[in-house]
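What follows is a single structure, written as structure tokens, with notes after it.
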2 protein chains.
Amino acid sequence: MSQISTIAFDADDTLWHNENLFEEHHSKYCELLSEFHDAKTVEKTLFSTEMRNLELYGYGVKSFMLSSIETAIELTKGSISAEELKRIIHFGQEMLRHPVELLEGVKETVATLASQYQLILITKGDLRDQERKIAMSGLAHHFEHAEVVSDKNVETYDRVFHRLGIDPQKLLMVGNSLKSDILPVLDLGGYAAYIPYHLTWEHERVENAPDNHSRFHELPSIKQLPGLLDSLK
Amino acid sequence: MSQISTIAFDADDTLWHNENLFEEHHSKYCELLSEFHDAKTVEKTLFSTEMRNLELYGYGVKSFMLSSIETAIELTKGSISAEELKRIIHFGQEMLRHPVELLEGVKETVATLASQYQLILITKGDLRDQERKIAMSGLAHHFEHAEVVSDKNVETYDRVFHRLGIDPQKLLMVGNSLKSDILPVLDLGGYAAYIPYHLTWEHERVENAPDNHSRFHELPSIKQLPGLLDSLK
């Protein structure tokens, strides 16, 4: 029997679509550079630039924009035109302006759970962009607390739980990334509901879901979350 | 008689140098574009791009980098070379990598006050970059709490104080920006120590310091802070 009193949600690709915007940007970006290189080379070089800059830039769209520009210059040996680079900036600005599209079932499920549990939101990335999405999601009032962190690991979760006075043994984390949402919270003694999104950024991939872990649950959709919580009571 | 128990510090240009790095970038940037436009036009256009993008990008070096690139393309009507744009990216990366240089007297003053007051840090800007600077400053252990916010206004201060259980009437805010550090905290009933930095970004400028405000104090240096606090006891 559990005594779950708090549900912590990841945001991008858990509550609303996000990775699909990056995929869309990737397609346009590969198209723009297609006279120079095939899509595979472009993707690989972009990923490698992103990883090189991760420590310096952190996560988020602006970091992605800067790495996209740098990669385009590198891949074209400087022969890309300023006008084409301007298009890359515009792609990124479109991403930042994009409406927030909730995943199916999110609106109803979050509203239902908000009446029974303390809900919090823990998301990583760019502060301004994440705050904009939280505000535009129409869900903000359901969350007692929303925390934007620069990375999601055992230390950051521990710090957030400690600050909010939350016992991780009474918490369920819901997210689409094993690496960022699930494993660190299991490590801290919490429960985790893993709801995969149909796309996963290469950097977030880990090999395997926990095997036979009593506090780990995988769900096909957020709609199964109230049922899971009932079964854990 | 006051009962100040918490001192909240701004970070950039209050604890460590920051605006000087932007000024340095501006000089290199104007030099790079000098064959196209005079420095005044470059500065003016860059500032206008930054203001146009502020809502979308928020504050910080990455936003500045993206606006610098966009402005360079605009000002050269697309004739700037990719190699020159690469140099602009490198200028920004240098800023992000730059060592944290504490202002004179900061190290000693913060250490002294930490033994007598609860110290917190409230800074706006890019999450990753601010966290990096806090970590590199060598001051992190003196602060009970460090909060990076996307903007500094009455609402954000109110939210932070509320969350930390701090009564603003028992708080002194220390900062170099009247607009972002001083006026909102005075509005909330707090005390404020304004310590101007020798450079102020145009966006942070407000016309006048508060006139004859009993909770407002202007100091030439952080070294006068313990004396001010003693006089307020």
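Quick note on naming: the chains in the structure tokens go A, B, ... in the order shown, residues restart at 1 in each chain, and ligands are numbered from 1 in order of appearance.
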
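Excluding Leu75 of chain A itself and any same-chain residue fewer than 5 positions from it, the protein and nucleic acid residues within 12 Å of it, counting only C-alpha atoms, are A:Tyr29, A:Cys30, A:Leu32, A:Leu33, A:Ser34, A:Glu35, A:Phe36, A:His37, A:Asp38, A:Ala39, A:Thr41, A:Val42, A:Glu43, A:Lys44, A:Thr45, A:Leu46, A:Thr49, A:Ser67, A:Ser68, A:Ile69, A:Glu70, A:Ile80, B:Ala82.
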
(request) Identify all chain B residues at most 8 Å from chain A by counting only C-alpha atoms; ligands do not count. Present them as an MDAnalysis selection string. (result) chainID B and resid 56:58 62:63 66 70 73 78:83 86 89 93 96:97 126:129 149:150

Go ahead and save the picked residues with N, CA, C and O atoms, as a compact mmCIF listing (two decimals), in the first residue's frame.
# COMPACT_ATOMS: atom_id res chain seq x y z
N LEU B 56 10.11 37.16 -26.41
CA LEU B 56 10.29 35.81 -26.94
C LEU B 56 11.52 35.12 -26.33
O LEU B 56 11.49 33.94 -25.98
N TYR B 57 12.63 35.86 -26.23
CA TYR B 57 13.89 35.24 -25.81
C TYR B 57 14.15 35.34 -24.31
O TYR B 57 14.88 34.52 -23.76
N GLY B 58 13.63 36.39 -23.67
CA GLY B 58 14.04 36.66 -22.29
C GLY B 58 15.44 37.25 -22.24
O GLY B 58 16.03 37.57 -23.29
N LYS B 62 22.61 34.15 -24.39
CA LYS B 62 22.16 33.46 -25.61
C LYS B 62 21.19 34.33 -26.41
O LYS B 62 21.26 34.38 -27.64
N SER B 63 20.31 35.01 -25.70
CA SER B 63 19.38 35.93 -26.36
C SER B 63 20.16 37.02 -27.07
O SER B 63 19.86 37.41 -28.21
N LEU B 66 21.77 35.69 -30.26
CA LEU B 66 20.81 35.55 -31.36
C LEU B 66 20.43 36.91 -31.93
O LEU B 66 20.34 37.07 -33.16
N GLU B 70 21.10 38.33 -35.79
CA GLU B 70 19.99 38.86 -36.58
C GLU B 70 20.26 40.31 -37.02
O GLU B 70 20.04 40.68 -38.18
N ILE B 73 22.91 40.57 -39.82
CA ILE B 73 22.35 40.22 -41.13
C ILE B 73 21.52 41.39 -41.67
O ILE B 73 21.66 41.80 -42.83
N GLY B 78 22.28 41.28 -45.54
CA GLY B 78 22.59 39.90 -45.88
C GLY B 78 23.98 39.69 -46.48
O GLY B 78 24.34 38.57 -46.86
N SER B 79 24.78 40.76 -46.54
CA SER B 79 26.08 40.56 -47.19
C SER B 79 27.20 40.19 -46.21
O SER B 79 28.35 40.00 -46.60
N ILE B 80 26.87 40.08 -44.93
CA ILE B 80 27.89 39.63 -43.96
C ILE B 80 28.23 38.17 -44.25
O ILE B 80 27.36 37.38 -44.64
N SER B 81 29.48 37.82 -44.09
CA SER B 81 29.88 36.44 -44.40
C SER B 81 29.59 35.52 -43.24
O SER B 81 29.50 35.96 -42.08
N ALA B 82 29.43 34.24 -43.54
CA ALA B 82 29.19 33.24 -42.50
C ALA B 82 30.36 33.21 -41.51
O ALA B 82 30.17 33.00 -40.32
N GLU B 83 31.56 33.45 -42.02
CA GLU B 83 32.72 33.45 -41.12
C GLU B 83 32.65 34.57 -40.09
O GLU B 83 33.03 34.40 -38.94
N LYS B 86 30.22 33.62 -37.54
CA LYS B 86 30.85 32.66 -36.64
C LYS B 86 31.65 33.39 -35.55
O LYS B 86 31.67 32.97 -34.40
N ILE B 89 29.30 34.42 -32.88
CA ILE B 89 29.00 33.29 -32.00
C ILE B 89 30.14 33.08 -31.01
O ILE B 89 29.93 32.87 -29.82
N GLN B 93 30.22 32.97 -26.94
CA GLN B 93 30.72 31.80 -26.19
C GLN B 93 31.81 32.22 -25.21
O GLN B 93 31.90 31.68 -24.10
N LEU B 96 30.13 33.53 -22.19
CA LEU B 96 29.57 32.46 -21.36
C LEU B 96 30.65 31.71 -20.58
O LEU B 96 30.41 31.15 -19.52
N ARG B 97 31.84 31.68 -21.16
CA ARG B 97 32.95 30.97 -20.51
C ARG B 97 33.74 31.86 -19.56
O ARG B 97 34.64 31.38 -18.86
N ASP B 126 19.37 33.97 -17.82
CA ASP B 126 19.37 32.60 -18.31
C ASP B 126 19.72 31.64 -17.17
O ASP B 126 20.72 31.82 -16.46
N LEU B 127 18.88 30.64 -17.00
CA LEU B 127 19.02 29.72 -15.86
C LEU B 127 20.40 29.08 -15.79
O LEU B 127 21.08 29.12 -14.77
N ARG B 128 20.83 28.47 -16.89
CA ARG B 128 22.10 27.75 -16.90
C ARG B 128 23.26 28.69 -16.63
O ARG B 128 24.15 28.39 -15.84
N ASP B 129 23.24 29.85 -17.29
CA ASP B 129 24.35 30.78 -17.16
C ASP B 129 24.42 31.35 -15.74
O ASP B 129 25.51 31.46 -15.15
N VAL B 149 15.11 34.11 -11.79
CA VAL B 149 13.77 34.44 -12.30
C VAL B 149 13.91 34.99 -13.72
O VAL B 149 14.97 35.45 -14.13
N SER B 150 12.82 34.92 -14.49
CA SER B 150 12.90 35.37 -15.87
C SER B 150 12.70 36.88 -15.98
O SER B 150 13.05 37.49 -16.97

(message) DSSP on the backbone: which residues in segment 68-109 of chain B end up as helix (DSSP H, G or I)? Give the answer as a ChimeraX atom specification.
(response) /B:68-75,82-97,106-109

Give me a file of those residues, with C-alpha atoms, as a PDB file, in the first residue's frame.
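File part-v4.pdb, as written:
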ATOM      1  CA  SER B  68      23.469  40.117 -32.492  1.00  0.00           C
ATOM      2  CA  ILE B  69      23.386  37.662 -35.392  1.00  0.00           C
ATOM      3  CA  GLU B  70      19.986  38.863 -36.577  1.00  0.00           C
ATOM      4  CA  THR B  71      21.076  42.511 -36.396  1.00  0.00           C
ATOM      5  CA  ALA B  72      24.299  41.847 -38.301  1.00  0.00           C
ATOM      6  CA  ILE B  73      22.353  40.219 -41.128  1.00  0.00           C
ATOM      7  CA  GLU B  74      19.875  43.105 -41.163  1.00  0.00           C
ATOM      8  CA  LEU B  75      22.487  45.865 -41.081  1.00  0.00           C
ATOM      9  CA  ALA B  82      29.190  33.245 -42.502  1.00  0.00           C
ATOM     10  CA  GLU B  83      32.723  33.446 -41.121  1.00  0.00           C
ATOM     11  CA  GLU B  84      32.012  36.836 -39.604  1.00  0.00           C
ATOM     12  CA  LEU B  85      28.797  35.483 -38.075  1.00  0.00           C
ATOM     13  CA  LYS B  86      30.854  32.660 -36.639  1.00  0.00           C
ATOM     14  CA  ARG B  87      33.015  35.255 -34.940  1.00  0.00           C
ATOM     15  CA  ILE B  88      29.892  36.739 -33.349  1.00  0.00           C
ATOM     16  CA  ILE B  89      29.000  33.286 -32.000  1.00  0.00           C
ATOM     17  CA  HIS B  90      32.510  32.975 -30.622  1.00  0.00           C
ATOM     18  CA  PHE B  91      32.266  36.383 -28.914  1.00  0.00           C
ATOM     19  CA  GLY B  92      29.158  35.115 -27.124  1.00  0.00           C
ATOM     20  CA  GLN B  93      30.721  31.802 -26.188  1.00  0.00           C
ATOM     21  CA  GLU B  94      33.650  33.704 -24.703  1.00  0.00           C
ATOM     22  CA  MET B  95      31.191  35.686 -22.578  1.00  0.00           C
ATOM     23  CA  LEU B  96      29.569  32.457 -21.356  1.00  0.00           C
ATOM     24  CA  ARG B  97      32.947  30.972 -20.507  1.00  0.00           C
ATOM     25  CA  VAL B 106      32.097  41.460  -2.084  1.00  0.00           C
ATOM     26  CA  LYS B 107      33.883  38.404  -0.766  1.00  0.00           C
ATOM     27  CA  GLU B 108      34.547  39.848   2.678  1.00  0.00           C
ATOM     28  CA  THR B 109      31.220  41.649   3.052  1.00  0.00           C
TER      29      THR B 109
END

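Excluding His198 of chain A itself and any same-chain residue fewer than 6 positions from it, the protein and nucleic acid residues within 10 Å of it, counting only C-alpha atoms, are Asp13, Glu19, Asn20 and Asn176 of chain A.
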
(request) List every residue of segment 49-215 of chain B that DSSP, applied to the backbone of this structure, assigns to strand (DSSP E or B), and report them as a PyMOL selection string. (result) chain B and resi 102+118-124+145-149+171-175+191-194

(message) Give me, as a VMD selection string, all polymer residues having an atom no more than 7 Å from Glu147 of chain B, counting only C-alpha atoms and skipping those fewer than 5 positions away in the same chain.
(response) chain B and resid 121 to 123

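Between Ile134 of chain A and the residues A:Tyr191, A:Phe9, A:Ala209, A:Ile182, the shortest atom-to-atom distance, using only C-alpha atoms, involves A:Phe9.
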
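The coordinates place atom CA of Glu204 of chain B at 23.8 Å from atom CA of Gly105 of chain B.
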
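Here atom CA of Val160 of chain B stands at a distance of 29.6 Å from atom CA of Phe64 of chain A.
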